[in-house]
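This is query25.csv (CSV, C-alpha atoms and all ligand atoms).
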```
chain,number,residue,atom,x,y,z
A,1054,MET,CA,64.7,-1.2,17.5
A,1055,ASN,CA,64.8,-3.3,14.2
A,1056,LYS,CA,63.1,-6.6,14.3
A,1057,LYS,CA,65.4,-9.6,14.3
A,1058,VAL,CA,65.4,-12.2,11.4
A,1059,VAL,CA,67.4,-15.4,11.5
A,1060,VAL,CA,68.4,-16.7,8.1
A,1061,PHE,CA,68.8,-20.5,8.6
A,1062,SER,CA,70.1,-21.6,5.2
A,1063,GLN,CA,71.7,-20.0,2.1
A,1064,ILE,CA,69.2,-17.7,0.4
A,1065,ASP,CA,69.1,-15.5,-2.7
A,1066,PRO,CA,71.8,-12.8,-2.2
A,1067,GLU,CA,69.5,-10.0,-3.4
A,1068,ILE,CA,66.8,-11.0,-0.9
A,1069,LEU,CA,69.5,-11.1,1.9
A,1070,THR,CA,70.5,-7.6,1.0
A,1071,ARG,CA,66.9,-6.4,1.2
A,1072,LEU,CA,66.5,-8.2,4.5
A,1073,LYS,CA,69.6,-6.6,5.9
A,1074,ALA,CA,68.4,-3.1,4.9
A,1075,GLN,CA,65.1,-3.7,6.9
A,1076,TYR,CA,66.0,-5.9,9.8
A,1077,HIS,CA,68.7,-7.0,12.2
A,1078,VAL,CA,69.7,-10.1,10.3
A,1079,VAL,CA,71.7,-13.1,11.7
A,1080,VAL,CA,72.8,-15.7,9.2
A,1081,ILE,CA,73.3,-19.2,10.6
A,1082,ASP,CA,76.6,-20.4,9.2
A,1083,PRO,CA,77.7,-24.1,9.5
A,1084,LYS,CA,81.3,-22.9,9.3
A,1085,GLN,CA,80.8,-21.2,12.7
A,1086,GLY,CA,80.0,-24.4,14.5
A,1087,ASP,CA,77.0,-26.5,15.5
A,1088,VAL,CA,74.0,-25.2,13.5
A,1089,ASN,CA,71.4,-26.2,16.1
A,1090,GLN,CA,73.3,-24.4,18.9
A,1091,GLN,CA,73.4,-21.3,16.8
A,1092,ILE,CA,69.7,-21.5,16.1
A,1093,GLN,CA,68.9,-22.1,19.8
A,1094,GLN,CA,71.0,-19.0,20.7
A,1095,HIS,CA,69.6,-16.7,18.0
A,1096,VAL,CA,66.0,-17.7,18.0
A,1097,GLN,CA,65.5,-16.5,21.6
A,1098,ASP,CA,64.8,-12.9,20.6
A,1099,ALA,CA,64.1,-13.4,16.9
A,1100,ASP,CA,60.9,-12.2,15.3
A,1101,GLY,CA,61.2,-14.1,12.1
A,1102,MET,CA,63.1,-16.9,10.4
A,1103,ILE,CA,63.6,-17.6,6.7
A,1104,GLY,CA,65.3,-20.5,4.9
A,1105,ALA,CA,64.9,-24.1,3.8
A,1106,GLY,CA,66.1,-27.7,4.3
A,1107,ARG,CA,66.7,-27.7,8.0
A,1108,LEU,CA,64.9,-29.7,10.7
A,1109,LEU,CA,63.2,-27.1,13.0
A,1110,ASN,CA,61.4,-28.6,16.0
A,1111,GLN,CA,61.0,-28.3,19.7
A,1112,SER,CA,64.6,-29.0,20.5
A,1113,ASN,CA,66.0,-26.0,18.6
A,1114,LEU,CA,63.0,-23.7,18.9
A,1115,ALA,CA,62.1,-24.1,22.5
A,1116,THR,CA,63.9,-20.9,23.5
A,1117,ALA,CA,61.9,-18.7,21.1
A,1118,GLN,CA,60.2,-15.9,23.0
A,1119,GLN,CA,58.6,-13.7,20.3
A,1120,LEU,CA,59.0,-15.6,17.1
A,1121,LYS,CA,56.1,-14.7,14.8
A,1122,ILE,CA,56.9,-16.6,11.6
A,1123,ILE,CA,59.1,-19.2,10.0
A,1124,SER,CA,59.1,-18.5,6.2
A,1125,SER,CA,60.1,-21.6,4.4
A,1126,VAL,CA,61.6,-21.3,0.9
A,1127,SER,CA,60.0,-24.6,-0.2
A,1128,VAL,CA,56.6,-26.1,-0.8
A,1129,GLY,CA,57.2,-29.2,1.3
A,1130,TYR,CA,57.1,-28.6,5.1
A,1131,ASP,CA,57.7,-32.0,6.5
A,1132,ASN,CA,60.9,-30.8,8.3
A,1133,TYR,CA,58.9,-28.5,10.6
A,1134,ASP,CA,57.0,-29.7,13.7
A,1135,VAL,CA,53.7,-28.0,12.8
A,1136,ASP,CA,52.0,-29.2,16.0
A,1137,TYR,CA,54.7,-27.5,18.1
A,1138,LEU,CA,54.5,-24.3,16.0
A,1139,ASN,CA,50.7,-24.3,16.6
A,1140,GLN,CA,51.3,-24.6,20.3
A,1141,LYS,CA,53.6,-21.7,20.3
A,1142,ASN,CA,51.5,-19.5,18.0
A,1143,ILE,CA,54.2,-19.4,15.3
A,1144,TRP,CA,53.1,-19.1,11.7
A,1145,LEU,CA,54.7,-21.3,9.1
A,1146,SER,CA,54.6,-20.1,5.5
A,1147,HIS,CA,55.7,-21.9,2.3
A,1148,THR,CA,56.0,-21.2,-1.5
A,1149,PRO,CA,53.6,-23.3,-3.4
A,1150,HIS,CA,52.7,-22.9,-7.2
A,1151,VAL,CA,55.8,-21.0,-8.3
A,1152,LEU,CA,57.8,-24.2,-8.5
A,1153,THR,CA,55.1,-26.5,-9.8
A,1154,GLU,CA,56.0,-26.4,-13.6
A,1155,THR,CA,59.8,-26.5,-12.9
A,1156,THR,CA,59.5,-29.5,-10.6
A,1157,ALA,CA,57.3,-31.3,-13.2
A,1158,ASP,CA,60.0,-30.6,-15.9
A,1159,LEU,CA,62.5,-32.3,-13.6
A,1160,ALA,CA,60.2,-35.3,-13.0
A,1161,PHE,CA,59.9,-35.7,-16.7
A,1162,THR,CA,63.7,-35.3,-17.2
A,1163,LEU,CA,64.2,-38.2,-14.7
A,1164,LEU,CA,61.5,-40.3,-16.3
A,1165,MET,CA,63.0,-39.9,-19.8
A,1166,SER,CA,66.6,-40.3,-18.6
A,1167,ALA,CA,65.8,-43.5,-16.8
A,1168,ALA,CA,63.7,-44.9,-19.7
A,1169,ARG,CA,66.3,-44.1,-22.3
A,1170,LYS,CA,69.4,-44.9,-20.1
A,1171,VAL,CA,70.8,-41.4,-20.7
A,1172,PRO,CA,73.5,-41.2,-18.0
A,1173,TYR,CA,74.6,-44.8,-18.7
A,1174,LEU,CA,74.8,-44.1,-22.5
A,1175,ASP,CA,76.6,-40.8,-22.0
A,1176,HIS,CA,79.2,-42.5,-19.9
A,1177,TRP,CA,79.4,-45.4,-22.4
A,1178,THR,CA,79.9,-43.1,-25.3
A,1179,LYS,CA,82.5,-40.9,-23.6
A,1180,SER,CA,84.5,-43.9,-22.4
A,1181,GLY,CA,85.0,-45.1,-26.0
A,1182,GLU,CA,82.6,-48.1,-25.7
A,1183,TRP,CA,80.9,-47.2,-29.0
A,1184,LYS,CA,82.8,-49.5,-31.3
A,1185,ARG,CA,79.9,-50.9,-33.3
A,1186,THR,CA,76.1,-50.3,-33.5
A,1187,VAL,CA,74.3,-50.4,-30.2
A,1188,SER,CA,72.6,-53.6,-29.1
A,1189,GLN,CA,70.1,-54.9,-26.5
A,1190,ALA,CA,72.1,-53.7,-23.5
A,1191,GLN,CA,71.8,-50.1,-24.7
A,1192,PHE,CA,68.1,-50.2,-25.6
A,1193,GLY,CA,65.6,-48.2,-23.6
A,1194,GLN,CA,61.8,-48.1,-23.2
A,1195,ASP,CA,59.3,-46.2,-25.3
A,1196,ILE,CA,57.6,-43.4,-23.5
A,1197,HIS,CA,54.9,-42.1,-25.9
A,1198,GLY,CA,51.5,-43.7,-25.8
A,1199,LYS,CA,52.3,-45.6,-22.5
A,1200,THR,CA,50.5,-45.6,-19.2
A,1201,LEU,CA,51.7,-43.0,-16.6
A,1202,GLY,CA,50.7,-43.6,-13.0
A,1203,ILE,CA,50.8,-40.6,-10.7
A,1204,ILE,CA,50.8,-41.2,-7.0
A,1205,GLY,CA,49.7,-37.9,-5.5
A,1206,LEU,CA,47.8,-35.9,-8.1
A,1207,GLY,CA,48.3,-32.5,-6.6
A,1208,ASN,CA,49.8,-29.4,-8.2
A,1209,ILE,CA,53.0,-31.0,-9.3
A,1210,GLY,CA,51.4,-34.4,-10.0
A,1211,ALA,CA,48.9,-32.7,-12.4
A,1212,ALA,CA,51.7,-30.8,-14.1
A,1213,ILE,CA,53.5,-34.1,-14.7
A,1214,ALA,CA,50.3,-35.6,-16.0
A,1215,ARG,CA,49.8,-32.7,-18.4
A,1216,ARG,CA,53.3,-33.3,-19.9
A,1217,GLY,CA,52.5,-37.0,-20.3
A,1218,LEU,CA,49.1,-36.4,-21.9
A,1219,TYR,CA,49.8,-33.5,-24.2
A,1220,GLY,CA,53.5,-34.1,-24.9
A,1221,PHE,CA,53.5,-37.9,-25.1
A,1222,ASN,CA,49.9,-39.0,-25.7
A,1223,MET,CA,50.1,-41.1,-22.5
A,1224,ASN,CA,47.2,-42.7,-20.7
A,1225,ILE,CA,47.0,-41.2,-17.1
A,1226,LEU,CA,46.2,-43.1,-13.9
A,1227,TYR,CA,46.4,-41.6,-10.5
A,1228,HIS,CA,46.1,-42.6,-6.8
A,1229,ASN,CA,45.3,-40.2,-4.0
A,1230,ARG,CA,43.8,-40.8,-0.6
A,1231,ARG,CA,40.5,-39.9,-2.2
A,1232,GLU,CA,39.4,-39.3,-5.8
A,1233,LYS,CA,40.2,-35.8,-7.1
A,1234,LEU,CA,37.6,-35.4,-9.9
A,1235,GLU,CA,38.2,-31.7,-10.5
A,1236,MET,CA,41.8,-32.3,-11.1
A,1237,ALA,CA,41.5,-35.6,-12.9
A,1238,GLN,CA,38.7,-34.9,-15.4
A,1239,PRO,CA,40.7,-32.4,-17.6
A,1240,LEU,CA,43.5,-34.9,-17.8
A,1241,ASN,CA,41.2,-37.8,-18.5
A,1242,ALA,CA,42.9,-39.4,-15.5
A,1243,GLN,CA,41.5,-42.6,-14.1
A,1244,TYR,CA,41.5,-43.3,-10.3
A,1245,ARG,CA,43.1,-46.5,-9.2
A,1246,SER,CA,44.0,-48.1,-5.8
A,1247,LEU,CA,47.7,-48.0,-5.1
A,1248,GLU,CA,48.0,-51.7,-6.0
A,1249,GLN,CA,46.2,-51.4,-9.3
A,1250,LEU,CA,48.2,-48.3,-10.3
A,1251,LEU,CA,51.5,-50.1,-9.7
A,1252,GLN,CA,50.3,-53.2,-11.6
A,1253,GLU,CA,49.0,-51.3,-14.6
A,1254,SER,CA,51.5,-48.4,-15.1
A,1255,ASP,CA,54.5,-48.4,-17.4
A,1256,PHE,CA,55.7,-45.3,-15.6
A,1257,VAL,CA,55.1,-44.6,-11.9
A,1258,VAL,CA,55.8,-41.1,-10.5
A,1259,VAL,CA,55.6,-40.3,-6.8
A,1260,ALA,CA,54.5,-36.7,-6.1
A,1261,VAL,CA,52.8,-36.8,-2.7
A,1262,ASP,CA,53.6,-34.6,0.2
A,1263,LEU,CA,55.3,-36.4,3.1
A,1264,ASN,CA,52.8,-37.0,5.9
A,1265,ALA,CA,51.9,-39.7,8.4
A,1266,GLU,CA,50.1,-41.7,5.8
A,1267,SER,CA,52.6,-41.3,2.9
A,1268,LYS,CA,55.6,-42.2,5.0
A,1269,ALA,CA,57.1,-45.5,3.7
A,1270,LEU,CA,54.1,-45.9,1.3
A,1271,LEU,CA,56.2,-48.0,-1.0
A,1272,SER,CA,58.3,-51.0,0.0
A,1273,THR,CA,59.1,-54.5,-1.2
A,1274,GLU,CA,55.4,-55.5,-1.4
A,1275,GLN,CA,54.6,-52.6,-3.6
A,1276,PHE,CA,57.7,-52.8,-5.8
A,1277,ASP,CA,56.9,-56.4,-6.4
A,1278,LEU,CA,53.6,-55.4,-8.1
A,1279,MET,CA,55.4,-53.3,-10.8
A,1280,GLN,CA,55.8,-54.6,-14.3
A,1281,SER,CA,59.3,-55.7,-15.3
A,1282,HIS,CA,59.6,-53.0,-18.0
A,1283,ALA,CA,58.3,-50.2,-15.7
A,1284,VAL,CA,60.2,-47.1,-14.7
A,1285,PHE,CA,59.8,-45.6,-11.2
A,1286,VAL,CA,60.4,-41.9,-10.4
A,1287,ASN,CA,60.4,-40.2,-7.0
A,1288,ILE,CA,60.5,-36.4,-6.8
A,1289,ALA,CA,58.5,-36.2,-3.6
A,1290,ARG,CA,60.5,-37.0,-0.4
A,1291,GLY,CA,62.9,-39.8,0.2
A,1292,SER,CA,60.9,-41.2,3.2
A,1293,VAL,CA,57.9,-41.9,1.1
A,1294,ILE,CA,59.7,-45.0,0.0
A,1295,ASP,CA,61.7,-47.6,1.8
A,1296,GLU,CA,65.0,-46.9,0.2
A,1297,GLN,CA,66.7,-50.2,1.1
A,1298,ALA,CA,63.7,-52.0,-0.5
A,1299,LEU,CA,64.1,-49.9,-3.6
A,1300,ILE,CA,67.8,-50.7,-3.8
A,1301,GLN,CA,67.1,-54.4,-3.5
A,1302,ALA,CA,64.3,-54.2,-6.2
A,1303,LEU,CA,66.8,-52.5,-8.6
A,1304,LYS,CA,69.5,-55.0,-7.8
A,1305,ASP,CA,67.0,-57.8,-8.6
A,1306,HIS,CA,65.8,-56.1,-11.7
A,1307,LYS,CA,62.2,-56.2,-10.5
A,1308,PHE,CA,61.5,-53.3,-12.9
A,1309,PHE,CA,63.5,-51.6,-15.6
A,1310,ALA,CA,64.9,-48.5,-13.9
A,1311,ALA,CA,64.4,-45.7,-11.4
A,1312,GLY,CA,64.9,-41.9,-11.4
A,1313,LEU,CA,65.4,-40.3,-8.0
A,1314,ASP,CA,65.7,-36.7,-6.9
A,1315,VAL,CA,65.1,-37.3,-3.1
A,1316,TYR,CA,66.5,-39.7,-0.5
A,1317,GLU,CA,65.8,-40.8,3.1
A,1318,LYS,CA,69.0,-39.0,4.2
A,1319,GLU,CA,70.2,-35.9,2.4
A,1320,PRO,CA,72.7,-34.9,1.3
A,1321,LEU,CA,73.4,-38.4,0.0
A,1322,GLN,CA,77.2,-39.0,0.3
A,1323,THR,CA,77.5,-42.7,-0.1
A,1324,SER,CA,74.9,-45.2,-1.2
A,1325,GLU,CA,74.6,-48.6,-2.9
A,1326,LEU,CA,72.6,-46.6,-5.5
A,1327,PHE,CA,75.8,-45.2,-6.8
A,1328,GLN,CA,76.9,-48.7,-8.0
A,1329,LEU,CA,73.7,-49.4,-10.0
A,1330,ASP,CA,73.4,-48.7,-13.7
A,1331,ASN,CA,69.6,-48.8,-13.6
A,1332,VAL,CA,69.0,-45.8,-11.5
A,1333,VAL,CA,69.5,-42.1,-12.3
A,1334,THR,CA,70.4,-40.0,-9.2
A,1335,LEU,CA,70.0,-36.3,-8.8
A,1336,PRO,CA,70.8,-34.1,-5.8
A,1337,HIS,CA,67.3,-32.8,-4.9
A,1338,VAL,CA,67.1,-30.2,-7.7
A,1339,GLY,CA,63.4,-30.4,-8.5
A,1340,SER,CA,62.9,-26.6,-8.2
A,1341,ALA,CA,66.5,-25.7,-8.8
A,1342,THR,CA,66.5,-23.3,-11.8
A,1343,ALA,CA,67.7,-19.8,-11.5
A,1344,GLU,CA,64.2,-18.3,-12.4
A,1345,THR,CA,62.2,-20.5,-10.0
A,1346,ARG,CA,64.6,-20.3,-7.1
A,1347,LYS,CA,64.3,-16.5,-7.5
A,1348,LYS,CA,60.5,-16.6,-7.5
A,1349,MET,CA,60.5,-18.9,-4.4
A,1350,ALA,CA,62.9,-16.5,-2.5
A,1351,GLU,CA,60.7,-13.5,-3.5
A,1352,LEU,CA,57.6,-15.3,-2.3
A,1353,ALA,CA,59.2,-16.4,1.0
A,1354,TYR,CA,60.4,-12.8,1.5
A,1355,ARG,CA,56.9,-11.4,0.9
A,1356,ASN,CA,55.5,-14.0,3.4
A,1357,LEU,CA,58.0,-12.9,6.1
A,1358,VAL,CA,57.6,-9.2,5.6
A,1359,ASP,CA,53.8,-9.5,5.7
A,1360,ALA,CA,53.9,-11.4,9.0
A,1361,LEU,CA,56.4,-8.9,10.5
A,1362,ASP,CA,54.3,-6.0,9.4
A,1363,GLY,CA,51.2,-7.5,11.1
A,1364,ARG,CA,49.5,-8.8,7.9
A,1365,GLN,CA,48.5,-12.4,7.4
A,1366,PRO,CA,50.8,-13.9,4.8
A,1367,ARG,CA,49.2,-15.4,1.7
A,1368,TYR,CA,50.7,-18.9,1.9
A,1369,LEU,CA,50.4,-20.1,5.4
A,1370,VAL,CA,50.5,-23.8,6.3
A,1371,ASN,CA,48.8,-23.1,9.7
A,1372,PRO,CA,46.7,-20.0,9.2
A,1373,ASP,CA,44.5,-20.7,12.3
A,1374,PHE,CA,47.3,-22.3,14.4
B,1,LIG,P1,50.1,-30.8,-3.3
B,1,LIG,O1,49.4,-29.9,-4.3
B,1,LIG,O2,49.7,-30.6,-1.9
B,1,LIG,O3,50.0,-32.3,-3.7
B,1,LIG,C1,50.2,-33.4,-2.9
B,1,LIG,C2,49.2,-34.5,-3.3
B,1,LIG,O4,49.6,-35.7,-2.6
B,1,LIG,C3,47.8,-34.1,-2.9
B,1,LIG,O5,47.0,-34.2,-4.0
B,1,LIG,C4,47.5,-35.2,-1.8
B,1,LIG,O6,46.1,-35.5,-2.0
B,1,LIG,C5,48.4,-36.3,-2.2
B,1,LIG,N1,48.7,-37.3,-1.1
B,1,LIG,C6,49.1,-36.9,0.2
B,1,LIG,N2,49.2,-38.0,0.9
B,1,LIG,C7,48.9,-39.1,0.1
B,1,LIG,C8,48.9,-40.5,0.3
B,1,LIG,N3,49.2,-41.1,1.4
B,1,LIG,N4,48.6,-41.3,-0.8
B,1,LIG,C9,48.2,-40.7,-2.0
B,1,LIG,N5,48.2,-39.4,-2.2
B,1,LIG,C10,48.6,-38.6,-1.2
B,1,LIG,O7,51.6,-30.5,-3.3
B,1,LIG,P2,52.6,-30.2,-4.5
B,1,LIG,O8,52.8,-28.8,-4.6
B,1,LIG,O9,52.1,-31.0,-5.7
B,1,LIG,O10,54.0,-30.8,-3.9
B,1,LIG,C11,54.0,-32.2,-3.6
B,1,LIG,C12,55.3,-32.5,-2.9
B,1,LIG,O11,56.4,-32.6,-3.8
B,1,LIG,C13,55.7,-31.5,-1.8
B,1,LIG,O12,55.1,-31.6,-0.6
B,1,LIG,C14,57.2,-31.8,-1.7
B,1,LIG,O13,57.5,-32.7,-0.7
B,1,LIG,C15,57.6,-32.4,-3.1
B,1,LIG,N6,58.5,-31.4,-3.8
B,1,LIG,C16,59.7,-31.8,-4.2
B,1,LIG,C17,60.5,-31.0,-4.9
B,1,LIG,C18,61.9,-31.4,-5.3
B,1,LIG,O14,62.8,-30.6,-5.4
B,1,LIG,N7,62.1,-32.7,-5.6
B,1,LIG,C19,60.1,-29.7,-5.3
B,1,LIG,C20,58.8,-29.3,-4.9
B,1,LIG,C21,58.0,-30.2,-4.2
B,1,LIG,P3,45.2,-36.2,-0.9
B,1,LIG,O15,45.4,-35.4,0.3
B,1,LIG,O16,43.8,-36.1,-1.5
B,1,LIG,O17,45.6,-37.6,-0.8
```
As structure tokens, the full file:
Amino acid sequence: MNKKVVVFSQIDPEILTRLKAQYHVVVIDPKQGDVNQQIQQHVQDADGMIGAGRLLNQSNLATAQQLKIISSVSVGYDNYDVDYLNQKNIWLSHTPHVLTETTADLAFTLLMSAARKVPYLDHWTKSGEWKRTVSQAQFGQDIHGKTLGIIGLGNIGAAIARRGLYGFNMNILYHNRREKLEMAQPLNAQYRSLEQLLQESDFVVVAVDLNAESKALLSTEQFDLMQSHAVFVNIARGSVIDEQALIQALKDHKFFAAGLDVYEKEPLQTSELFQLDNVVTLPHVGSATAETRKKMAELAYRNLVDALDGRQPRYLVNPDF
């Protein structure tokens, strides 16, 4: 009998077709009722799962009898309970590297949009406000030659730093839990404590993975350290910052502007952020280009097939359980 695969989010249609040709595929569909109930029901005799953006933990995986792998179409894996998967001998795979440059592009898009007030000026122009030459209220901040502070100099953080260094002649600072000389040296990036980085940077970009130590890493105390002309960008995960503290800091104009791709609760339907001119909000689109989403789907498919064929997938989060 064909192995059973549960698809728990929308995935690339071509990959879905391929999966259907190989396996007994069940697609979880929010239109068919409670998603967690559907997962609990179908995971019982499933061999593999593939998808992204859903919380998978003990409460919806407890019934799994023969689940070998969850193949996540993402690099971040904070929505999976890895300890529980280890207990149950379930592999978790993800899709690093293929999305690094695309996500760094988006981080820079946010940085530039916030610094040069792009959404505000677009709205201002289209609504007929351009009656005379622009003045102070429309002025932005220079980017070239400034200091860029990266919190989390990993794959994406380094790709953002490269854009800053080679594209904009920026001076690079970084903060990780420990120094990363092999990554920092080619970028001429200087290590700083979190506090020093926030005080010295003109641009602060958060690119850490969400883990126990990075959760709520930035709150009022940290935002208070930033310079009044600084720009803050978060492309990591919403829960790395205290969102209410960020909203207050933006309302109080503690720094110049922010650019956000991620939020504590997604999708973000209502928020005080929507009332603020000094923040650019995007709907978690860091990796969302046609080419990159295709590569991620392809890699996630490969991870799944490898596991179901008895081979160890290349990109495992928990290779040794
Ligand atoms: P990565 O290569 O693992 O880099 C993450 C970096 O964060 C590591 O260098 C890690 O270094 C550092 N870090 C972790 N905890 C930290 C802490 N408490 N303080 C300071 N630094 C810390 O991962 P990546 O591929 O660059 O991806 C990073 C994250 O970006 C993903 O996990 C995901 O959540 C997010 N992401 C978002 C989008 C989007 O659409 N917006 C797209 C892709 C990825 P140390 O362990 O040495 O501290």
Within 6 Å of ligand LIG 1 (chain B), counting all atoms listed in the file, which protein or nucleic acid residues do you find, written as a PyMOL selection string? chain A and resi 1128-1129+1149+1156+1204-1210+1228-1231+1260-1263+1266-1267+1288-1290+1314+1337-1340
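Candidate residues A:Thr1273, A:Gln1280, A:Gln1090, A:Asn1132 were compared for distance to Glu1296 in chain A, and the nearest is A:Thr1273, using only C-alpha atoms.
Going from CA of Glu1253 in chain A over to CA of Thr1153 in chain A, you cover 26.0 Å.
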Would you mind listing what lies within 12 Å of Phe1327 in chain A as a list in words, with only C-alpha atoms counted and same-chain residues fewer than 3 positions away left out? Tyr1173, Ile1300, Leu1303, Lys1304, Leu1313, Leu1321, Gln1322, Thr1323, Ser1324, Asp1330, Asn1331, Val1332, Val1333, Thr1334 and Leu1335 of chain A
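Residue nearest Phe1221 in chain A, chosen from A:Ala1242, A:Met1165, A:Val1171, A:Val1315 and counting only C-alpha atoms: A:Met1165.
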Select, from A:Ala1350, A:Arg1355, A:Phe1161, A:Thr1345, the residue with the minimum atom-to-atom distance to Glu1067 in chain A, counting all atoms listed in the file. A:Ala1350
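Of the residues under consideration (A:Glu1248, A:Ile1068, A:Gly1312, A:Ile1294), A:Gly1312 shows the shortest atom-to-atom contact distance to Pro1172 in chain A when counting all atoms listed in the file.
Across the structure, CA of Ile1203 in chain A and CA of Val1258 in chain A are spaced 5.0 Å apart.
Nearest to His1095 in chain A of all the residues A:Leu1069, A:Val1059, A:Val1078, A:Pro1336 is A:Val1059, counting only C-alpha atoms.
Shown here are all protein and nucleic acid residues lying within 6 Å of (48.0, -22.8, 19.8), with only C-alpha atoms considered: A:Asn1139, A:Gln1140, A:Lys1141, A:Asn1142, A:Phe1374.
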Range 1327-1338 of chain A: axis-aligned bounding box, 4 Å on each side, centre and edge lengths in Å, one decimal, as lines of an AutoDock Vina configuration file:
```
center_x = 72.0
center_y = -39.8
center_z = -9.3
size_x = 17.8
size_y = 27.2
size_z = 16.8
```
Need the shell around Gln1097 in chain A: protein/DNA/RNA residues with any atom at most 10 Å away, counting all atoms listed in the file. Skip same-chain ones fewer than 2 positions apart. Format as a ChimeraX atom specification? /A:1092-1095,1099-1100,1113-1120
